Each structure stands twice: as C-alpha cells, then as structure tokens.
$ cat model00.cif   # mmCIF, C-alpha atoms and all ligand atoms
data_input
loop_
_atom_site.group_PDB
_atom_site.id
_atom_site.type_symbol
_atom_site.label_atom_id
_atom_site.label_comp_id
_atom_site.auth_asym_id
_atom_site.auth_seq_id
_atom_site.Cartn_x
_atom_site.Cartn_y
_atom_site.Cartn_z
ATOM 1 C CA MET A 1 179.708 -65.192 57.779
ATOM 2 C CA ASN A 2 176.835 -62.680 57.819
ATOM 3 C CA ILE A 3 176.381 -60.707 61.019
ATOM 4 C CA VAL A 4 173.618 -58.493 62.356
ATOM 5 C CA ILE A 5 174.686 -56.015 65.019
ATOM 6 C CA PHE A 6 172.392 -54.136 67.398
ATOM 7 C CA GLY A 7 173.057 -51.533 70.028
ATOM 8 C CA PRO A 8 171.444 -48.336 71.253
ATOM 9 C CA PRO A 9 172.928 -44.976 70.216
ATOM 10 C CA GLY A 10 176.079 -44.482 72.283
ATOM 11 C CA ALA A 11 176.800 -48.198 72.693
ATOM 12 C CA GLY A 12 179.847 -48.082 70.428
ATOM 13 C CA LYS A 13 178.243 -50.096 67.663
ATOM 14 C CA GLY A 14 179.948 -48.054 64.922
ATOM 15 C CA THR A 15 183.394 -48.518 66.459
ATOM 16 C CA GLN A 16 182.904 -52.250 66.955
ATOM 17 C CA SER A 17 181.509 -52.737 63.447
ATOM 18 C CA ASN A 18 184.576 -51.035 61.980
ATOM 19 C CA LEU A 19 186.909 -53.226 64.014
ATOM 20 C CA ILE A 20 185.298 -56.524 63.026
ATOM 21 C CA GLU A 21 184.969 -55.367 59.438
ATOM 22 C CA GLU A 22 188.728 -55.024 59.264
ATOM 23 C CA LYS A 23 189.622 -58.069 61.331
ATOM 24 C CA PHE A 24 187.334 -60.552 59.582
ATOM 25 C CA LYS A 25 187.405 -58.917 56.129
ATOM 26 C CA LEU A 26 183.692 -58.218 56.124
ATOM 27 C CA HIS A 27 181.678 -55.406 54.604
ATOM 28 C CA GLN A 28 179.626 -53.166 56.847
ATOM 29 C CA LEU A 29 176.211 -52.205 55.534
ATOM 30 C CA SER A 30 174.668 -49.295 57.380
ATOM 31 C CA THR A 31 171.223 -48.500 56.013
ATOM 32 C CA GLY A 32 171.363 -45.051 57.646
ATOM 33 C CA GLU A 33 174.576 -44.300 55.778
ATOM 34 C CA LEU A 34 173.275 -45.670 52.475
ATOM 35 C CA LEU A 35 170.170 -43.538 52.778
ATOM 36 C CA ARG A 36 172.175 -40.421 53.636
ATOM 37 C CA GLN A 37 174.338 -41.068 50.562
ATOM 38 C CA GLU A 38 171.232 -41.117 48.383
ATOM 39 C CA ILE A 39 170.283 -37.723 49.801
ATOM 40 C CA THR A 40 173.768 -36.263 49.296
ATOM 41 C CA ASN A 41 173.878 -37.528 45.719
ATOM 42 C CA GLN A 42 170.415 -36.074 45.125
ATOM 43 C CA THR A 43 169.198 -39.260 43.489
ATOM 44 C CA GLN A 44 165.523 -39.708 42.745
ATOM 45 C CA LEU A 45 165.258 -41.844 45.875
ATOM 46 C CA GLY A 46 167.284 -39.342 47.905
ATOM 47 C CA ASN A 47 164.917 -36.496 47.055
ATOM 48 C CA LYS A 48 161.962 -38.665 47.989
ATOM 49 C CA ILE A 49 163.260 -39.646 51.423
ATOM 50 C CA SER A 50 165.023 -36.528 52.676
ATOM 51 C CA THR A 51 161.969 -35.136 54.487
ATOM 52 C CA ILE A 52 161.257 -38.486 56.154
ATOM 53 C CA ILE A 53 164.823 -38.929 57.381
ATOM 54 C CA ASN A 54 165.162 -35.342 58.554
ATOM 55 C CA SER A 55 162.012 -35.705 60.624
ATOM 56 C CA GLY A 56 163.486 -38.791 62.337
ATOM 57 C CA ASN A 57 160.884 -41.205 60.978
ATOM 58 C CA LEU A 58 161.676 -44.530 59.392
ATOM 59 C CA VAL A 59 161.564 -44.846 55.621
ATOM 60 C CA SER A 60 159.406 -47.599 54.129
ATOM 61 C CA ASP A 61 160.455 -51.237 54.409
ATOM 62 C CA LYS A 62 160.347 -51.532 50.611
ATOM 63 C CA ILE A 63 162.968 -48.802 50.200
ATOM 64 C CA VAL A 64 165.469 -50.327 52.621
ATOM 65 C CA ASP A 65 164.812 -53.875 51.447
ATOM 66 C CA ASP A 66 165.587 -52.823 47.855
ATOM 67 C CA LEU A 67 168.798 -51.121 48.967
ATOM 68 C CA ILE A 68 169.838 -54.199 50.913
ATOM 69 C CA GLU A 69 169.112 -56.522 47.985
ATOM 70 C CA LYS A 70 171.689 -54.705 45.859
ATOM 71 C CA TYR A 71 174.353 -55.900 48.272
ATOM 72 C CA VAL A 72 172.999 -59.334 49.173
ATOM 73 C CA SER A 73 172.749 -60.166 45.449
ATOM 74 C CA ASN A 74 176.317 -59.004 44.754
ATOM 75 C CA LYS A 75 178.813 -61.905 44.716
ATOM 76 C CA ILE A 76 181.586 -59.656 46.055
ATOM 77 C CA TYR A 77 179.746 -59.407 49.354
ATOM 78 C CA LYS A 78 178.474 -62.969 49.537
ATOM 79 C CA ASN A 79 178.618 -64.169 53.170
ATOM 80 C CA ARG A 80 180.641 -61.090 54.123
ATOM 81 C CA LEU A 81 178.050 -58.632 55.378
ATOM 82 C CA ILE A 82 177.590 -56.854 58.690
ATOM 83 C CA PHE A 83 174.069 -55.440 58.864
ATOM 84 C CA ASP A 84 174.035 -52.254 60.906
ATOM 85 C CA GLY A 85 170.840 -50.292 61.475
ATOM 86 C CA TYR A 86 168.872 -53.021 59.765
ATOM 87 C CA PRO A 87 166.528 -54.803 60.403
ATOM 88 C CA ARG A 88 164.698 -52.110 62.353
ATOM 89 C CA ASN A 89 161.391 -53.953 62.752
ATOM 90 C CA LEU A 90 159.929 -57.433 62.533
ATOM 91 C CA THR A 91 158.852 -57.110 58.894
ATOM 92 C CA GLN A 92 162.381 -56.191 57.864
ATOM 93 C CA ALA A 93 163.796 -59.082 59.918
ATOM 94 C CA LYS A 94 161.536 -61.550 58.142
ATOM 95 C CA ASN A 95 162.231 -59.962 54.739
ATOM 96 C CA LEU A 96 165.954 -60.270 55.374
ATOM 97 C CA ASN A 97 165.638 -64.009 55.989
ATOM 98 C CA VAL A 98 163.736 -64.458 52.730
ATOM 99 C CA LEU A 99 166.228 -62.323 50.829
ATOM 100 C CA LEU A 100 169.254 -64.182 52.190
ATOM 101 C CA MET A 101 167.646 -67.506 51.359
ATOM 102 C CA LYS A 102 167.032 -66.313 47.791
ATOM 103 C CA TYR A 103 170.805 -65.812 47.418
ATOM 104 C CA ASN A 104 171.778 -68.976 49.291
ATOM 105 C CA GLN A 105 172.925 -67.239 52.419
ATOM 106 C CA LYS A 106 171.866 -66.890 56.028
ATOM 107 C CA ILE A 107 172.584 -64.917 59.171
ATOM 108 C CA ASN A 108 175.254 -66.664 61.195
ATOM 109 C CA ILE A 109 175.173 -64.558 64.341
ATOM 110 C CA VAL A 110 173.272 -61.648 65.830
ATOM 111 C CA LEU A 111 175.178 -59.469 68.276
ATOM 112 C CA LYS A 112 173.453 -57.169 70.721
ATOM 113 C CA LEU A 113 175.611 -54.679 72.559
ATOM 114 C CA SER A 114 174.041 -54.308 75.925
ATOM 115 C CA VAL A 115 174.746 -51.018 77.691
ATOM 116 C CA SER A 116 172.915 -49.375 80.579
ATOM 117 C CA LEU A 117 171.449 -45.923 80.223
ATOM 118 C CA GLU A 118 173.774 -44.806 83.068
ATOM 119 C CA THR A 119 176.851 -45.770 81.057
ATOM 120 C CA ILE A 120 175.585 -43.989 77.973
ATOM 121 C CA LYS A 121 174.985 -40.823 79.979
ATOM 122 C CA LYS A 122 178.488 -41.075 81.406
ATOM 123 C CA ARG A 123 180.050 -41.533 77.962
ATOM 124 C CA ILE A 124 178.166 -38.518 76.650
ATOM 125 C CA SER A 125 179.334 -36.268 79.461
ATOM 126 C CA GLU A 126 182.926 -37.434 78.936
ATOM 127 C CA ARG A 127 182.725 -36.838 75.212
ATOM 128 C CA LYS A 128 181.180 -33.406 75.734
ATOM 129 C CA SER A 129 184.471 -32.090 77.061
ATOM 130 C CA LEU A 130 186.245 -33.380 73.932
ATOM 131 C CA GLU A 131 183.857 -32.593 71.116
ATOM 132 C CA LYS A 132 180.454 -31.072 71.256
ATOM 133 C CA ARG A 133 178.061 -32.958 69.058
ATOM 134 C CA ALA A 134 174.727 -31.402 68.272
ATOM 135 C CA ASP A 135 172.843 -34.521 69.339
ATOM 136 C CA ASP A 136 174.717 -34.947 72.615
ATOM 137 C CA SER A 137 172.250 -33.426 75.020
ATOM 138 C CA GLU A 138 171.351 -35.809 77.824
ATOM 139 C CA ASP A 139 167.590 -35.496 77.365
ATOM 140 C CA ILE A 140 167.833 -36.344 73.699
ATOM 141 C CA ALA A 141 170.134 -39.255 74.492
ATOM 142 C CA ILE A 142 167.648 -40.719 76.973
ATOM 143 C CA LYS A 143 164.833 -40.361 74.469
ATOM 144 C CA ARG A 144 166.848 -42.003 71.690
ATOM 145 C CA TYR A 145 167.868 -44.858 74.002
ATOM 146 C CA GLU A 146 164.306 -45.574 75.109
ATOM 147 C CA THR A 147 162.886 -45.325 71.604
ATOM 148 C CA TYR A 148 165.578 -47.639 70.313
ATOM 149 C CA GLU A 149 165.134 -50.281 73.012
ATOM 150 C CA ASN A 150 161.344 -50.291 72.655
ATOM 151 C CA ASN A 151 161.331 -50.525 68.866
ATOM 152 C CA ILE A 152 163.999 -53.158 68.587
ATOM 153 C CA ARG A 153 162.617 -55.478 71.296
ATOM 154 C CA PRO A 154 160.452 -57.644 68.973
ATOM 155 C CA VAL A 155 163.342 -57.994 66.532
ATOM 156 C CA ILE A 156 165.679 -59.117 69.315
ATOM 157 C CA GLU A 157 163.019 -61.578 70.495
ATOM 158 C CA PHE A 158 162.744 -62.933 66.933
ATOM 159 C CA TYR A 159 166.486 -63.672 66.775
ATOM 160 C CA LYS A 160 166.486 -65.079 70.286
ATOM 161 C CA GLN A 161 163.901 -67.621 69.190
ATOM 162 C CA SER A 162 166.009 -68.636 66.205
ATOM 163 C CA ASN A 163 168.935 -69.141 68.598
ATOM 164 C CA LEU A 164 171.147 -66.640 66.786
ATOM 165 C CA LEU A 165 171.284 -63.960 69.459
ATOM 166 C CA ARG A 166 174.441 -63.338 71.490
ATOM 167 C CA VAL A 167 174.357 -60.538 74.049
ATOM 168 C CA VAL A 168 177.672 -58.737 74.400
ATOM 169 C CA ASN A 169 178.538 -56.803 77.536
ATOM 170 C CA GLY A 170 179.005 -53.285 76.172
ATOM 171 C CA GLU A 171 180.070 -51.762 79.487
ATOM 172 C CA GLY A 172 183.802 -52.445 79.092
ATOM 173 C CA SER A 173 186.566 -50.765 77.113
ATOM 174 C CA ILE A 174 186.659 -50.821 73.308
ATOM 175 C CA THR A 175 189.293 -53.583 73.437
ATOM 176 C CA GLU A 176 187.382 -55.688 75.946
ATOM 177 C CA ILE A 177 184.196 -55.492 73.908
ATOM 178 C CA ASN A 178 186.095 -56.251 70.722
ATOM 179 C CA ASP A 179 187.740 -59.302 72.317
ATOM 180 C CA GLU A 180 184.364 -60.658 73.370
ATOM 181 C CA ILE A 181 182.874 -60.120 69.904
ATOM 182 C CA SER A 182 185.896 -61.621 68.160
ATOM 183 C CA GLY A 183 185.674 -64.690 70.396
ATOM 184 C CA LEU A 184 182.018 -65.152 69.501
ATOM 185 C CA ILE A 185 182.698 -64.827 65.769
ATOM 186 C CA ASP A 186 185.643 -67.232 65.980
ATOM 187 C CA SER A 187 183.511 -69.793 67.784
ATOM 188 C CA MET A 188 180.968 -69.611 64.937
ATOM 189 C CA LYS A 189 183.651 -70.303 62.359
ATOM 190 C CA GLY A 190 185.077 -73.264 64.224
HETATM 191 P P1 LIG B 1 170.772 -44.391 61.486
HETATM 192 O O1 LIG B 1 172.009 -43.763 60.947
HETATM 193 O O2 LIG B 1 170.845 -45.893 61.516
HETATM 194 O O3 LIG B 1 170.353 -43.816 62.805
HETATM 195 O O4 LIG B 1 169.592 -44.049 60.452
HETATM 196 C C1 LIG B 1 169.250 -42.709 60.153
HETATM 197 C C2 LIG B 1 167.840 -42.648 59.572
HETATM 198 O O5 LIG B 1 167.758 -43.445 58.377
HETATM 199 C C3 LIG B 1 166.771 -43.227 60.478
HETATM 200 O O6 LIG B 1 166.302 -42.277 61.393
HETATM 201 C C4 LIG B 1 165.696 -43.618 59.476
HETATM 202 O O7 LIG B 1 164.976 -42.498 59.023
HETATM 203 C C5 LIG B 1 166.514 -44.129 58.301
HETATM 204 N N1 LIG B 1 166.782 -45.581 58.417
HETATM 205 C C6 LIG B 1 167.977 -46.187 58.643
HETATM 206 N N2 LIG B 1 167.859 -47.520 58.666
HETATM 207 C C7 LIG B 1 166.541 -47.777 58.450
HETATM 208 C C8 LIG B 1 165.772 -48.975 58.353
HETATM 209 N N3 LIG B 1 166.332 -50.179 58.490
HETATM 210 N N4 LIG B 1 164.437 -48.850 58.128
HETATM 211 C C9 LIG B 1 163.853 -47.664 57.973
HETATM 212 N N5 LIG B 1 164.512 -46.493 58.061
HETATM 213 C C10 LIG B 1 165.853 -46.539 58.282
#

$ encode --input "model00.cif" --output "structure tokens"
Amino acid sequence: MNIVIFGPPGAGKGTQSNLIEEKFKLHQLSTGELLRQEITNQTQLGNKISTIINSGNLVSDKIVDDLIEKYVSNKIYKNRLIFDGYPRNLTQAKNLNVLLMKYNQKINIVLKLSVSLETIKKRISERKSLEKRADDSEDIAIKRYETYENNIRPVIEFYKQSNLLRVVNGEGSITEINDEISGLIDSMKG
C-alpha cells in the first residue's frame, strides 16, 4: 500500500500521516523534512539548497526525485510509503509513476484533506493561545493556503483522472478524520 496525502498547511496532514503510519505500519516520507535534514547535516546537497528553501521556493524536481528514489528502491519500504509534500507539481507526479513502475510498485490511494480557509483561520487563533508559532499570523496563513491550493490543483486533477483520488472531510476532529481515512485504506486492502 503506497499512499499520497495532500492538504493545505493547517489541515492536520502531519497528525493524520503519523496516525496512519503507526496503524498500518507504513513509512512516512516528507520531502520537506528530508531536505531540512540535508541542510542540518550540512551535506553537499544541503549546502546547495539552503538558500532556495529559506526563500520559500521549490527545489528542482531532479533533487527531490533523486531523494525519493532512495526510498522507493529500498526493499524495506516496498509498498509501505506515505508520500507527504510530494509530488508538488505535475512533473513530479508523472516522475513518481515512472519511478514506482521501475520498482514494481504503484500508488494505491491519494488522500486529499479538504478544509475551508475559515476552519484553518479558526484553528490558528485557537492554537495561538496555546503556543505561538512564528508562522501563525493570519495573513501568512491565508497566503500559504491560497498558494498551496493553486499550485496543487493540476496534481489533484491528475490523480482524479486516474481514479485514485479520495477527498476526506478535514473539518472534523482528529479522531473523526482518522476514522474516515482508516476506512478508506481498509476498503483498498479488501
Ligand atoms: P514542506 O515542509 O513540505 O513545507 O517543505 C519545505 C520546503 O522544502 C518547501 O518550501 C520547498 O522549498 C522544499 N520542498 C519540499 N517538498 C518539495 C518538493 N516535492 N518539490 C520541491 N521542493 C520541495
């Protein structure tokens, strides 16, 4: 079972990925996290990409595709991956299909957490009283939401056409959302 998960910042994608990772014994692959690790470890790649990442731009498709291949080619992770933060554009989506085919795998399901901008704003204001995150200003949140939705639209359309897309109502509680996702994954296995 390989899963791709999408959701705008604030949709609870991280939380849900962690839950299904544990429940279904999968391995979560967050390209953002992998790239940040390269920077922290000051690898050759890390030094090359730190300016790009810090400016909020996307790194090249070649860089992320190479990172992803390390995992797709590793038997330990065969048919056990949750792709998070990847693919970010149509080229990456197509590359991922080719890569999975090369290693005799495929995407089984694509989950999109659907959350309104209103709900995201509400969650941010609730969280503000608990912990103040640097990126929690409402204006920035709106900008990130709109940028995300616009950029990811063609990728979502691509998966819709291949009949893999399942839209999950992200408005509920963590448990409700998790139940819906678990049900979808179970139905794929059966
Ligand atoms: P994230 O943690 O997913 O928000 O990613 C943080 C940063 O890493 C992004 O702003 C991009 O610069 C870079 N990044 C993460 N995933 C990708 C990707 N699939 N393609 C290109 N750049 C990416």

$ atom_distance --input "model00.cif" --atom1 "atom CA of A:Ser30" --atom2 "atom P1 of ligand LIG 1 (chain B)"
7.5 Å

$ atom_distance --input "model00.cif" --atom1 "atom CA of A:Asp66" --atom2 "atom CA of A:Pro87"
12.7 Å

$ closest_residue --input "model00.cif" --among "A:Gly32, A:Gly172, A:Gly10, A:Gly46" --to "A:Tyr86" --atoms "all atoms listed in the file"
A:Gly32

$ resolve_selection --input "model00.cif" --expression "the PyMOL selection byres (((chain A and resi 77-80) around 8) and not hetatm)" --output "number ranges by chain"
A: 1-2, 25-27, 71-76, 81-82, 105-106

$ closest_residue --input "model00.cif" --among "A:Lys102, A:Lys23, A:Lys94, A:Arg36" --to "ligand LIG 1 (chain B)" --atoms "only C-alpha atoms and all ligand atoms"
A:Arg36

$ residues_around --input "model00.cif" --residues "stretch 107-122 of chain A" --least-positions-apart "2" --cutoff "6 Å" --atoms "all atoms listed in the file" --output "ChimeraX atom specification"
/A:1-7,10,124-125,164-171

$ closest_atom_pairs --input "model00.cif" --of "chain A" --to "ligand LIG 1 (chain B)" --cutoff "6 Å" --atoms "all atoms listed in the file" --output "CSV"
residue,atom,partner,partner_atom,distance
A:Thr31,CA,B:LIG1,N2,4.4
A:Gly32,CA,B:LIG1,O4,3.5
A:Glu33,CA,B:LIG1,O1,5.8
A:Ile53,CA,B:LIG1,O7,3.9
A:Gly56,CA,B:LIG1,O6,4.6
A:Asn57,CA,B:LIG1,O7,4.7
A:Leu58,CA,B:LIG1,N5,3.7
A:Val59,CA,B:LIG1,N5,4.2
A:Ser60,CA,B:LIG1,C9,5.9
A:Asp61,CA,B:LIG1,N4,5.9
A:Val64,CA,B:LIG1,N4,5.8
A:Gly85,CA,B:LIG1,O2,4.4
A:Tyr86,CA,B:LIG1,N3,4.0
A:Pro87,CA,B:LIG1,N3,5.0
A:Arg88,CA,B:LIG1,N3,4.6

$ atom_distance --input "model00.cif" --atom1 "atom CA of A:Tyr159" --atom2 "atom CA of A:Ile52"
27.8 Å

$ resolve_selection --input "model00.cif" --expression "the PyMOL selection byres (((chain A and resi 90) around 12) and not hetatm)" --output "MDAnalysis selection string"
chainID A and resid 61 86:89 91:97 151:159

$ closest_residue --input "model00.cif" --among "A:Phe83, A:Glu176, A:Leu67, A:Ser50" --to "A:Gln28" --atoms "all atoms listed in the file"
A:Phe83

$ closest_residue --input "model00.cif" --among "A:Ala141, A:Ser17, A:Ala11, A:Glu38" --to "A:Ile181" --atoms "all atoms listed in the file"
A:Ser17

$ closest_residue --input "model00.cif" --among "A:Ile174, A:Asp179, A:Asn150, A:Tyr103" --to "A:Thr15" --atoms "only C-alpha atoms"
A:Ile174

$ closest_residue --input "model00.cif" --among "A:Asp84, A:Ile39, A:Ser137, A:Glu69" --to "A:Met101" --atoms "all atoms listed in the file"
A:Glu69

$ build_atoms --input "model00.cif" --residues "stretch 39-72 of chain A" --atoms "N, CA and C atoms" --output "short mmCIF file (atom, residue, chain, number, x, y, z; two decimals), in the frame of the given file"
data_model
loop_
_atom_site.label_atom_id
_atom_site.label_comp_id
_atom_site.auth_asym_id
_atom_site.auth_seq_id
_atom_site.Cartn_x
_atom_site.Cartn_y
_atom_site.Cartn_z
N ILE A 39 170.69 -39.12 49.65
CA ILE A 39 170.28 -37.72 49.80
C ILE A 39 171.39 -36.80 49.30
N THR A 40 172.63 -37.09 49.72
CA THR A 40 173.77 -36.26 49.30
C THR A 40 173.90 -36.26 47.77
N ASN A 41 173.72 -37.43 47.18
CA ASN A 41 173.88 -37.53 45.72
C ASN A 41 172.65 -37.04 44.96
N GLN A 42 171.66 -36.60 45.71
CA GLN A 42 170.42 -36.07 45.12
C GLN A 42 169.83 -37.01 44.07
N THR A 43 169.83 -38.30 44.39
CA THR A 43 169.20 -39.26 43.49
C THR A 43 167.69 -39.10 43.61
N GLN A 44 166.99 -39.77 42.72
CA GLN A 44 165.52 -39.71 42.74
C GLN A 44 165.02 -40.20 44.11
N LEU A 45 165.64 -41.31 44.58
CA LEU A 45 165.26 -41.84 45.88
C LEU A 45 165.62 -40.86 46.99
N GLY A 46 166.82 -40.29 46.89
CA GLY A 46 167.28 -39.34 47.90
C GLY A 46 166.32 -38.18 48.09
N ASN A 47 165.85 -37.63 46.98
CA ASN A 47 164.92 -36.50 47.06
C ASN A 47 163.60 -36.91 47.70
N LYS A 48 163.23 -38.17 47.46
CA LYS A 48 161.96 -38.66 47.99
C LYS A 48 162.02 -38.86 49.52
N ILE A 49 163.18 -39.26 50.01
CA ILE A 49 163.26 -39.65 51.42
C ILE A 49 163.82 -38.58 52.35
N SER A 50 164.33 -37.48 51.80
CA SER A 50 165.02 -36.53 52.68
C SER A 50 164.12 -35.97 53.78
N THR A 51 162.87 -35.67 53.46
CA THR A 51 161.97 -35.14 54.49
C THR A 51 161.73 -36.17 55.59
N ILE A 52 161.54 -37.42 55.18
CA ILE A 52 161.26 -38.49 56.15
C ILE A 52 162.44 -38.64 57.12
N ILE A 53 163.63 -38.72 56.55
CA ILE A 53 164.82 -38.93 57.38
C ILE A 53 165.06 -37.73 58.29
N ASN A 54 164.91 -36.53 57.73
CA ASN A 54 165.16 -35.34 58.55
C ASN A 54 164.16 -35.19 59.69
N SER A 55 162.99 -35.81 59.54
CA SER A 55 162.01 -35.70 60.62
C SER A 55 162.21 -36.84 61.64
N GLY A 56 163.17 -37.72 61.37
CA GLY A 56 163.49 -38.79 62.34
C GLY A 56 162.60 -40.02 62.19
N ASN A 57 161.73 -40.02 61.19
CA ASN A 57 160.88 -41.20 60.98
C ASN A 57 161.62 -42.26 60.16
N LEU A 58 161.08 -43.46 60.18
CA LEU A 58 161.68 -44.53 59.39
C LEU A 58 161.17 -44.46 57.96
N VAL A 59 162.03 -44.77 57.00
CA VAL A 59 161.56 -44.85 55.62
C VAL A 59 160.87 -46.20 55.43
N SER A 60 160.21 -46.38 54.29
CA SER A 60 159.41 -47.60 54.13
C SER A 60 160.29 -48.85 54.05
N ASP A 61 159.72 -49.98 54.45
CA ASP A 61 160.46 -51.24 54.41
C ASP A 61 160.90 -51.56 52.98
N LYS A 62 160.04 -51.23 52.02
CA LYS A 62 160.35 -51.53 50.61
C LYS A 62 161.64 -50.82 50.18
N ILE A 63 161.78 -49.57 50.59
CA ILE A 63 162.97 -48.80 50.20
C ILE A 63 164.24 -49.43 50.76
N VAL A 64 164.24 -49.74 52.06
CA VAL A 64 165.47 -50.33 52.62
C VAL A 64 165.71 -51.74 52.11
N ASP A 65 164.64 -52.51 51.94
CA ASP A 65 164.81 -53.88 51.45
C ASP A 65 165.44 -53.86 50.05
N ASP A 66 165.01 -52.92 49.20
CA ASP A 66 165.59 -52.82 47.86
C ASP A 66 167.07 -52.45 47.92
N LEU A 67 167.39 -51.52 48.82
CA LEU A 67 168.80 -51.12 48.97
C LEU A 67 169.64 -52.31 49.40
N ILE A 68 169.12 -53.05 50.37
CA ILE A 68 169.84 -54.20 50.91
C ILE A 68 170.03 -55.28 49.84
N GLU A 69 169.02 -55.47 49.01
CA GLU A 69 169.11 -56.52 47.98
C GLU A 69 170.28 -56.29 47.03
N LYS A 70 170.57 -55.02 46.75
CA LYS A 70 171.69 -54.70 45.86
C LYS A 70 172.98 -55.33 46.37
N TYR A 71 173.12 -55.37 47.68
CA TYR A 71 174.35 -55.90 48.27
C TYR A 71 174.29 -57.41 48.46
N VAL A 72 173.14 -57.89 48.93
CA VAL A 72 173.00 -59.33 49.17
C VAL A 72 173.14 -60.11 47.85
#
